[in-house]
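To start, the structure itself, in structure tokens.
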Amino acid sequence: MTDDNPLARDDASDAPASSQASALAIVGRMAPASPASAEMLSLLSGPLGQAIETAATFADGRLAASTKRAYERDWRGFAAWCRTQKVDPAALPVHPVLVAAYLASLVPALGKSGLQARLAAIAHHHHEKGHLWSARHPAITGTLQGILRQHGKPIRPSAALTSTEIRQLLGSCGGEPGGAAGSTTPAGFASPGGLTGPAGSTNPGGSTSLAGVRDRALFLTGFAGALRRSELVAIDREHLKFLDVGLTIHIPRSKRDQEGQGADITIPWMRGEDTCPVKAMERWLKRAGITHGAVFRGVTAWGTLENRLTADGVRKILVRRAALAGLTVDPRERLSPHGLRAGFITEAYLAAAPDEQVMAHTRQKDVSTMRGYRRRAKITGENPARLLDL
């Protein structure tokens with residue numbers, strides 16, 4: 001019956017051609033400088049074509065979703081600028097001189113990292129479209145070097161939030177661990193869900209502020225664990241183990257572990273009743289009723305749990321709590337969730353902890369990166385001016 005159906009025969013004959021075209025397009029995108037040979041072309045409609053598609057799937061997963069979004073956003077910005085200059089951004093490859101002019105147009109709005117991010121997005125877009133393109137062209141590198149020489153902005157590192165600053169932040173989370181029953185929502189405090197509790201309002205049922213319990217656990221865990229914000233928000237209940245020695249957190253993947261080898265860190269029990277990270281985590285899980293899935297989640301003004309916090313959500317929480325606590329940082333620095341990690345490292349060095357001990361806990365492999373933290377600690381801890389007889 002099928003042999004007598006012309007439509008069926010047409011479909012069957014088109015399928016290999018369609019599969020071959022798809023595989024050929026993938027080859028061109030993955031290896032634009034190495035076009036498929038005649039022998040490969042004859043094999044693309046078979047198992048090789050499927051294998052190439054599988055390889056492309058893995059290649060597409062090399063970038064985090066947030067990185068892809070950043071590249072897309074920055075490319076759209078470049079494309080919009082091109083259109084204002086009567087240039088078609090779809091005409092690839094883009095001439096390096098045009099990119100150099102674009103970088104010049106961004107002065108002085110962006111610093112070094114911002115300019116490099118724009119270049120990375122332009123290069124990524126070219127590669128995705130199958131074009132060999134490099135940001136190392138002399139017209140681009142020369143322009144970038146000149147911009148940074150004349151208009152370079154000093155890098156503003158994250159302010160190190162040590163135990164002193166952490167205690168100040170905790171003061172905005174409630175008068176006692178987890179807050180007291182019937183405690184009020186601070187005036188004007190907005191939850192990550194976007195709802196703002198009116199001054200003096202309480203959560204339904206007279207319960208304490210759930211957001212305060214969460215934020216206490218968030219700050220203490222991030223600080224004692226020296227965690228990056230992406231690692232904090234990625235914690236699931238299944239990643240936590242409460243042991244006699246303290247709390248063990250499994251980190252499946254992190255910034256320096258894109259292959260997903262994973263790591264375990266342990267946060268010991270602390271002496272302070274209201275500053276112990278392990279106790280704070282226990283209270284948060286119990287109060288929020290979290291038995292599986294995301295640990296740190298959004299909380300509405302009425303105490304309703306929302307989805308997993310985002311990395312930017314952690315930043316917003318920190319900024320709000322700092323404002324409530326009256327916490328400010330040096331103008332040459334910036335308030336950022338990375339300050340929790342930086343604060344741990346700085347305080348550990350102030351306490352004379354050895355490099356290997358600090359690096360094992362922070363999972364940092366580059367000794368040169370740690371030197372910056374050590375220098376910061378020595379500025380206050382080993383300043384030779386303390387030796388003066390004044």
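In the structure tokens, each chain is lettered A, B, ... as it comes, each chain's residues begin at 1, and ligands are numbered from 1 in order of appearance.
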Please provide as a PyMOL selection string all residues within 10 Å of segment 273-279 of chain A, with the sequence filter that same-chain residues fewer than 6 positions apart are discarded (counting only C-alpha atoms). chain A and resi 163+166-167+170+175-178+216-225+242-243+246-248+266-267
Name the closest residue to Thr67 of chain A among the candidates A:Ala135, A:Ala121, A:Ile52, A:Leu210; distances are taken between atoms, counting only C-alpha atoms. A:Ala121
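By only C-alpha atoms, and with residues fewer than 4 positions from Glu72 of chain A along its chain excluded, the set lying at most 10 Å from it is Ser66, Thr67, Lys68, Arg76, Gly77, Phe78, Ala121, Ile122, His124 and His125 of chain A.
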Within segment 41-177 of chain A, find each residue whose DSSP state, derived from the backbone, is helix (DSSP H, G or I), and express the selection as an mmCIF file with N, CA and C atoms, in the first residue's frame.
data_model
loop_
_atom_site.group_PDB
_atom_site.id
_atom_site.type_symbol
_atom_site.label_atom_id
_atom_site.label_comp_id
_atom_site.auth_asym_id
_atom_site.auth_seq_id
_atom_site.Cartn_x
_atom_site.Cartn_y
_atom_site.Cartn_z
ATOM 1 N N LEU A 41 29.595 14.553 3.465
ATOM 2 C CA LEU A 41 28.271 14.903 2.952
ATOM 3 C C LEU A 41 27.456 13.664 2.622
ATOM 4 N N PRO A 47 23.542 7.711 10.328
ATOM 5 C CA PRO A 47 23.813 7.820 11.762
ATOM 6 C C PRO A 47 24.747 8.972 12.110
ATOM 7 N N LEU A 48 25.659 9.329 11.182
ATOM 8 C CA LEU A 48 26.577 10.428 11.461
ATOM 9 C C LEU A 48 25.832 11.729 11.688
ATOM 10 N N GLY A 49 24.770 11.956 10.912
ATOM 11 C CA GLY A 49 23.981 13.167 11.086
ATOM 12 C C GLY A 49 23.394 13.256 12.474
ATOM 13 N N GLN A 50 22.880 12.124 12.977
ATOM 14 C CA GLN A 50 22.314 12.101 14.325
ATOM 15 C C GLN A 50 23.395 12.330 15.370
ATOM 16 N N ALA A 51 24.582 11.753 15.149
ATOM 17 C CA ALA A 51 25.686 11.940 16.087
ATOM 18 C C ALA A 51 26.110 13.405 16.138
ATOM 19 N N ILE A 52 26.095 14.076 14.981
ATOM 20 C CA ILE A 52 26.470 15.488 14.930
ATOM 21 C C ILE A 52 25.448 16.333 15.678
ATOM 22 N N GLU A 53 24.170 15.995 15.525
ATOM 23 C CA GLU A 53 23.134 16.732 16.255
ATOM 24 C C GLU A 53 23.314 16.556 17.762
ATOM 25 N N THR A 54 23.683 15.354 18.185
ATOM 26 C CA THR A 54 23.925 15.105 19.599
ATOM 27 C C THR A 54 25.113 15.934 20.095
ATOM 28 N N ALA A 55 26.171 15.977 19.280
ATOM 29 C CA ALA A 55 27.337 16.782 19.649
ATOM 30 C C ALA A 55 26.962 18.248 19.767
ATOM 31 N N ALA A 56 26.103 18.722 18.849
ATOM 32 C CA ALA A 56 25.677 20.124 18.884
ATOM 33 C C ALA A 56 24.891 20.425 20.153
ATOM 34 N N THR A 57 24.116 19.446 20.616
ATOM 35 C CA THR A 57 23.359 19.632 21.859
ATOM 36 C C THR A 57 24.293 19.853 23.034
ATOM 37 N N PHE A 58 25.360 19.051 23.094
ATOM 38 C CA PHE A 58 26.343 19.237 24.165
ATOM 39 C C PHE A 58 27.047 20.577 24.024
ATOM 40 N N ALA A 59 27.376 20.949 22.787
ATOM 41 C CA ALA A 59 28.070 22.220 22.568
ATOM 42 C C ALA A 59 27.193 23.389 22.986
ATOM 43 N N ASP A 60 25.886 23.279 22.714
ATOM 44 C CA ASP A 60 24.973 24.348 23.092
ATOM 45 C C ASP A 60 24.874 24.496 24.607
ATOM 46 N N ALA A 65 22.600 29.506 31.174
ATOM 47 C CA ALA A 65 21.451 30.237 30.625
ATOM 48 C C ALA A 65 21.589 31.735 30.860
ATOM 49 N N SER A 66 22.124 32.111 32.019
ATOM 50 C CA SER A 66 22.287 33.535 32.318
ATOM 51 C C SER A 66 23.304 34.181 31.384
ATOM 52 N N THR A 67 24.344 33.436 31.015
ATOM 53 C CA THR A 67 25.349 33.960 30.087
ATOM 54 C C THR A 67 24.745 34.160 28.707
ATOM 55 N N LYS A 68 23.933 33.197 28.279
ATOM 56 C CA LYS A 68 23.273 33.325 26.979
ATOM 57 C C LYS A 68 22.366 34.547 26.941
ATOM 58 N N ARG A 69 21.622 34.761 28.030
ATOM 59 C CA ARG A 69 20.728 35.922 28.080
ATOM 60 C C ARG A 69 21.529 37.222 28.026
ATOM 61 N N ALA A 70 22.665 37.238 28.723
ATOM 62 C CA ALA A 70 23.507 38.436 28.716
ATOM 63 C C ALA A 70 24.053 38.706 27.322
ATOM 64 N N TYR A 71 24.482 37.650 26.624
ATOM 65 C CA TYR A 71 24.977 37.811 25.258
ATOM 66 C C TYR A 71 23.877 38.349 24.339
ATOM 67 N N GLU A 72 22.688 37.793 24.477
ATOM 68 C CA GLU A 72 21.577 38.235 23.626
ATOM 69 C C GLU A 72 21.224 39.691 23.898
ATOM 70 N N ARG A 73 21.215 40.068 25.180
ATOM 71 C CA ARG A 73 20.901 41.448 25.541
ATOM 72 C C ARG A 73 21.940 42.412 24.984
ATOM 73 N N ASP A 74 23.212 42.060 25.134
ATOM 74 C CA ASP A 74 24.275 42.953 24.661
ATOM 75 C C ASP A 74 24.322 43.018 23.138
ATOM 76 N N TRP A 75 24.006 41.913 22.477
ATOM 77 C CA TRP A 75 23.958 41.964 21.006
ATOM 78 C C TRP A 75 22.820 42.866 20.539
ATOM 79 N N ARG A 76 21.678 42.784 21.202
ATOM 80 C CA ARG A 76 20.565 43.649 20.816
ATOM 81 C C ARG A 76 20.957 45.120 20.964
ATOM 82 N N GLY A 77 21.721 45.432 22.017
ATOM 83 C CA GLY A 77 22.181 46.803 22.189
ATOM 84 C C GLY A 77 23.095 47.233 21.062
ATOM 85 N N PHE A 78 23.987 46.355 20.638
ATOM 86 C CA PHE A 78 24.886 46.675 19.522
ATOM 87 C C PHE A 78 24.103 46.818 18.218
ATOM 88 N N ALA A 79 23.151 45.913 18.007
ATOM 89 C CA ALA A 79 22.351 45.967 16.788
ATOM 90 C C ALA A 79 21.545 47.260 16.715
ATOM 91 N N ALA A 80 21.005 47.692 17.844
ATOM 92 C CA ALA A 80 20.241 48.945 17.872
ATOM 93 C C ALA A 80 21.146 50.127 17.538
ATOM 94 N N TRP A 81 22.372 50.108 18.059
ATOM 95 C CA TRP A 81 23.318 51.189 17.746
ATOM 96 C C TRP A 81 23.655 51.189 16.259
ATOM 97 N N CYS A 82 23.845 49.990 15.684
ATOM 98 C CA CYS A 82 24.147 49.890 14.257
ATOM 99 C C CYS A 82 23.044 50.534 13.414
ATOM 100 N N ARG A 83 21.801 50.270 13.790
ATOM 101 C CA ARG A 83 20.685 50.815 13.005
ATOM 102 C C ARG A 83 20.645 52.339 13.078
ATOM 103 N N THR A 84 21.058 52.902 14.210
ATOM 104 C CA THR A 84 21.099 54.374 14.292
ATOM 105 C C THR A 84 22.185 54.942 13.390
ATOM 106 N N PRO A 96 35.662 45.246 11.909
ATOM 107 C CA PRO A 96 36.261 45.599 13.204
ATOM 108 C C PRO A 96 36.246 47.099 13.494
ATOM 109 N N VAL A 97 36.383 47.935 12.454
ATOM 110 C CA VAL A 97 36.377 49.385 12.669
ATOM 111 C C VAL A 97 35.017 49.841 13.192
ATOM 112 N N LEU A 98 33.950 49.198 12.723
ATOM 113 C CA LEU A 98 32.611 49.530 13.211
ATOM 114 C C LEU A 98 32.490 49.189 14.699
ATOM 115 N N VAL A 99 33.041 48.054 15.082
ATOM 116 C CA VAL A 99 33.002 47.657 16.492
ATOM 117 C C VAL A 99 33.825 48.623 17.340
ATOM 118 N N ALA A 100 34.960 49.063 16.807
ATOM 119 C CA ALA A 100 35.783 50.032 17.529
ATOM 120 C C ALA A 100 35.013 51.330 17.754
ATOM 121 N N ALA A 101 34.262 51.763 16.734
ATOM 122 C CA ALA A 101 33.457 52.973 16.870
ATOM 123 C C ALA A 101 32.363 52.782 17.918
ATOM 124 N N TYR A 102 31.807 51.574 17.969
ATOM 125 C CA TYR A 102 30.775 51.280 18.964
ATOM 126 C C TYR A 102 31.349 51.382 20.381
ATOM 127 N N LEU A 103 32.537 50.828 20.584
ATOM 128 C CA LEU A 103 33.169 50.905 21.903
ATOM 129 C C LEU A 103 33.399 52.363 22.297
ATOM 130 N N ALA A 104 33.833 53.161 21.326
ATOM 131 C CA ALA A 104 34.067 54.579 21.613
ATOM 132 C C ALA A 104 32.781 55.282 22.014
ATOM 133 N N SER A 105 31.651 54.832 21.451
ATOM 134 C CA SER A 105 30.370 55.472 21.772
ATOM 135 C C SER A 105 29.923 55.172 23.195
ATOM 136 N N LYS A 112 35.926 48.707 32.134
ATOM 137 C CA LYS A 112 36.616 47.645 31.414
ATOM 138 C C LYS A 112 35.762 46.394 31.266
ATOM 139 N N SER A 113 35.159 45.938 32.348
ATOM 140 C CA SER A 113 34.374 44.706 32.291
ATOM 141 C C SER A 113 33.157 44.869 31.395
ATOM 142 N N GLY A 114 32.522 46.032 31.429
ATOM 143 C CA GLY A 114 31.357 46.265 30.572
ATOM 144 C C GLY A 114 31.730 46.252 29.108
ATOM 145 N N LEU A 115 32.840 46.879 28.748
ATOM 146 C CA LEU A 115 33.284 46.902 27.351
ATOM 147 C C LEU A 115 33.661 45.495 26.881
ATOM 148 N N GLN A 116 34.336 44.759 27.728
ATOM 149 C CA GLN A 116 34.716 43.396 27.356
ATOM 150 C C GLN A 116 33.493 42.500 27.215
ATOM 151 N N ALA A 117 32.469 42.752 28.015
ATOM 152 C CA ALA A 117 31.236 41.973 27.894
ATOM 153 C C ALA A 117 30.571 42.229 26.545
ATOM 154 N N ARG A 118 30.585 43.481 26.088
ATOM 155 C CA ARG A 118 29.999 43.804 24.781
ATOM 156 C C ARG A 118 30.773 43.113 23.671
ATOM 157 N N LEU A 119 32.092 43.097 23.776
ATOM 158 C CA LEU A 119 32.904 42.410 22.773
ATOM 159 C C LEU A 119 32.627 40.907 22.758
ATOM 160 N N ALA A 120 32.496 40.328 23.923
ATOM 161 C CA ALA A 120 32.217 38.890 24.016
ATOM 162 C C ALA A 120 30.881 38.554 23.365
ATOM 163 N N ALA A 121 29.892 39.416 23.544
ATOM 164 C CA ALA A 121 28.576 39.179 22.952
ATOM 165 C C ALA A 121 28.645 39.262 21.431
ATOM 166 N N ILE A 122 29.390 40.213 20.905
ATOM 167 C CA ILE A 122 29.523 40.361 19.456
ATOM 168 C C ILE A 122 30.243 39.148 18.874
ATOM 169 N N ALA A 123 31.315 38.709 19.528
ATOM 170 C CA ALA A 123 32.044 37.533 19.060
ATOM 171 C C ALA A 123 31.153 36.293 19.107
ATOM 172 N N HIS A 124 30.394 36.136 20.197
ATOM 173 C CA HIS A 124 29.512 34.974 20.345
ATOM 174 C C HIS A 124 28.462 34.945 19.229
ATOM 175 N N HIS A 125 27.894 36.092 18.915
ATOM 176 C CA HIS A 125 26.865 36.143 17.875
ATOM 177 C C HIS A 125 27.460 35.713 16.527
ATOM 178 N N HIS A 126 28.661 36.154 16.239
ATOM 179 C CA HIS A 126 29.313 35.750 14.991
ATOM 180 C C HIS A 126 29.537 34.241 14.947
ATOM 181 N N HIS A 127 30.016 33.699 16.041
ATOM 182 C CA HIS A 127 30.298 32.269 16.079
ATOM 183 C C HIS A 127 29.022 31.450 15.936
ATOM 184 N N GLU A 128 27.950 31.924 16.551
ATOM 185 C CA GLU A 128 26.672 31.223 16.442
ATOM 186 C C GLU A 128 26.145 31.236 15.011
ATOM 187 N N PRO A 138 43.590 44.547 15.549
ATOM 188 C CA PRO A 138 44.285 45.747 16.041
ATOM 189 C C PRO A 138 43.387 46.970 16.173
ATOM 190 N N ALA A 139 42.412 47.128 15.261
ATOM 191 C CA ALA A 139 41.522 48.290 15.344
ATOM 192 C C ALA A 139 40.712 48.261 16.638
ATOM 193 N N ILE A 140 40.349 47.048 17.094
ATOM 194 C CA ILE A 140 39.550 46.906 18.312
ATOM 195 C C ILE A 140 40.432 47.003 19.549
ATOM 196 N N THR A 141 41.529 46.245 19.574
ATOM 197 C CA THR A 141 42.385 46.244 20.756
ATOM 198 C C THR A 141 43.020 47.610 20.992
ATOM 199 N N GLY A 142 43.409 48.277 19.895
ATOM 200 C CA GLY A 142 44.005 49.597 20.051
ATOM 201 C C GLY A 142 43.028 50.608 20.612
ATOM 202 N N THR A 143 41.799 50.567 20.095
ATOM 203 C CA THR A 143 40.764 51.474 20.589
ATOM 204 C C THR A 143 40.457 51.196 22.053
ATOM 205 N N LEU A 144 40.347 49.912 22.402
ATOM 206 C CA LEU A 144 40.024 49.545 23.783
ATOM 207 C C LEU A 144 41.131 49.993 24.737
ATOM 208 N N GLN A 145 42.371 49.794 24.344
ATOM 209 C CA GLN A 145 43.481 50.207 25.194
ATOM 210 C C GLN A 145 43.490 51.718 25.398
ATOM 211 N N GLY A 146 43.205 52.461 24.312
ATOM 212 C CA GLY A 146 43.161 53.911 24.429
ATOM 213 C C GLY A 146 42.034 54.376 25.328
ATOM 214 N N ILE A 147 40.879 53.724 25.221
ATOM 215 C CA ILE A 147 39.737 54.081 26.074
ATOM 216 C C ILE A 147 40.086 53.874 27.537
ATOM 217 N N LEU A 148 40.656 52.710 27.840
ATOM 218 C CA LEU A 148 40.959 52.393 29.230
ATOM 219 C C LEU A 148 42.056 53.300 29.783
ATOM 220 N N ARG A 149 42.972 53.720 28.917
ATOM 221 C CA ARG A 149 44.044 54.597 29.365
ATOM 222 C C ARG A 149 43.520 55.984 29.719
ATOM 223 N N GLN A 150 42.579 56.474 28.918
ATOM 224 C CA GLN A 150 42.094 57.842 29.113
ATOM 225 C C GLN A 150 40.840 57.929 29.973
ATOM 226 N N HIS A 151 39.999 56.881 29.895
ATOM 227 C CA HIS A 151 38.717 56.966 30.588
ATOM 228 C C HIS A 151 38.467 55.780 31.516
ATOM 229 N N SER A 163 32.130 39.787 60.355
ATOM 230 C CA SER A 163 31.161 39.506 61.424
ATOM 231 C C SER A 163 30.485 40.768 61.934
ATOM 232 N N THR A 164 31.220 41.863 61.972
ATOM 233 C CA THR A 164 30.646 43.123 62.452
ATOM 234 C C THR A 164 29.481 43.559 61.579
ATOM 235 N N GLU A 165 29.684 43.543 60.265
ATOM 236 C CA GLU A 165 28.612 43.948 59.350
ATOM 237 C C GLU A 165 27.476 42.926 59.320
ATOM 238 N N ILE A 166 27.829 41.646 59.447
ATOM 239 C CA ILE A 166 26.791 40.614 59.448
ATOM 240 C C ILE A 166 25.865 40.797 60.639
ATOM 241 N N ARG A 167 26.420 41.067 61.816
ATOM 242 C CA ARG A 167 25.591 41.295 62.993
ATOM 243 C C ARG A 167 24.682 42.509 62.797
ATOM 244 N N GLN A 168 25.208 43.524 62.122
ATOM 245 C CA GLN A 168 24.401 44.713 61.864
ATOM 246 C C GLN A 168 23.233 44.373 60.936
ATOM 247 N N LEU A 169 23.498 43.556 59.917
ATOM 248 C CA LEU A 169 22.430 43.136 59.007
ATOM 249 C C LEU A 169 21.390 42.294 59.742
ATOM 250 N N LEU A 170 21.858 41.414 60.623
ATOM 251 C CA LEU A 170 20.927 40.549 61.350
ATOM 252 C C LEU A 170 19.997 41.359 62.244
#
How close does segment 337-359 of chain A get to segment 299-317 of chain A? List, as JSON lines, each residue of segment 337-359 of chain A within 12 Å, its nearest atom pair and the distance in Å to one decimal, counting only C-alpha atoms.
{"residue": "A:Pro337", "atom": "CA", "partner": "A:Arg315", "partner_atom": "CA", "distance": 5.7}
{"residue": "A:His338", "atom": "CA", "partner": "A:Arg315", "partner_atom": "CA", "distance": 9.2}
{"residue": "A:Gly339", "atom": "CA", "partner": "A:Arg315", "partner_atom": "CA", "distance": 10.4}
{"residue": "A:Leu340", "atom": "CA", "partner": "A:Arg315", "partner_atom": "CA", "distance": 11.1}
Selection: 12 Å around Met359 of chain A, only C-alpha atoms, excl. self and same-chain fewer than 4 positions, as an MDAnalysis selection string: chainID A and resid 225:226 265 341 344:345 348:349 353:355 363:371 373:374
From the list A:Gly262, A:Gly61, A:Ile251, A:Gly326, the nearest residue to Arg228 of chain A using only C-alpha atoms is A:Ile251
What is the distance, in Å and to one decimal place, between atom CA of Gly289 of chain A and atom CA of Leu240 of chain A?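 It comes out at 14.7 Å.
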Spatial neighbours of Ala288 of chain A, 12 Å, only C-alpha atoms, chain gap at least 3 places, as a list in words: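 Contacts, with the query itself left out: Gly178, Ser207, Thr208, Ser209, Leu210, Ala211, Gly212, Val213, Arg214, Ala217, Arg237, Met281, Glu282, Arg283, Trp284, Leu285, Thr291, His292, Ala294, Val295, Phe296, Arg297, Gly298, Val299, Gly303, Thr304, Leu305 and Glu306 of chain A.
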Produce a file of the selected residues containing C-alpha atoms, as a PDB file, in the first residue's frame.
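So the final result, stored in out25.pdb, reads:
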ATOM      1  CA  GLY A 178      13.455  34.103  63.723  1.00  0.00           C
ATOM      2  CA  SER A 207       3.202  34.829  63.011  1.00  0.00           C
ATOM      3  CA  THR A 208       6.670  36.334  62.916  1.00  0.00           C
ATOM      4  CA  SER A 209       8.152  37.702  59.701  1.00  0.00           C
ATOM      5  CA  LEU A 210       9.049  34.719  57.553  1.00  0.00           C
ATOM      6  CA  ALA A 211      11.243  36.930  55.385  1.00  0.00           C
ATOM      7  CA  GLY A 212      13.286  37.841  58.460  1.00  0.00           C
ATOM      8  CA  VAL A 213      13.866  34.179  59.291  1.00  0.00           C
ATOM      9  CA  ARG A 214      14.902  33.507  55.710  1.00  0.00           C
ATOM     10  CA  ALA A 217      19.659  32.065  57.349  1.00  0.00           C
ATOM     11  CA  ARG A 237      16.866  20.670  50.683  1.00  0.00           C
ATOM     12  CA  MET A 281      18.999  27.165  58.704  1.00  0.00           C
ATOM     13  CA  GLU A 282      17.088  24.741  60.949  1.00  0.00           C
ATOM     14  CA  ARG A 283      14.634  27.476  61.945  1.00  0.00           C
ATOM     15  CA  TRP A 284      14.108  28.606  58.362  1.00  0.00           C
ATOM     16  CA  LEU A 285      13.402  25.112  57.054  1.00  0.00           C
ATOM     17  CA  THR A 291      11.119  19.405  52.916  1.00  0.00           C
ATOM     18  CA  HIS A 292      12.377  19.271  49.339  1.00  0.00           C
ATOM     19  CA  ALA A 294      14.719  25.077  46.653  1.00  0.00           C
ATOM     20  CA  VAL A 295      15.812  26.205  50.120  1.00  0.00           C
ATOM     21  CA  PHE A 296      15.907  29.964  49.611  1.00  0.00           C
ATOM     22  CA  ARG A 297      12.674  31.229  48.094  1.00  0.00           C
ATOM     23  CA  GLY A 298      10.797  34.455  47.690  1.00  0.00           C
ATOM     24  CA  VAL A 299       8.365  35.405  50.472  1.00  0.00           C
ATOM     25  CA  GLY A 303       4.254  35.059  54.418  1.00  0.00           C
ATOM     26  CA  THR A 304       3.474  33.052  51.295  1.00  0.00           C
ATOM     27  CA  LEU A 305       6.381  31.132  49.804  1.00  0.00           C
ATOM     28  CA  GLU A 306       7.194  31.802  46.168  1.00  0.00           C
TER      29      GLU A 306
END
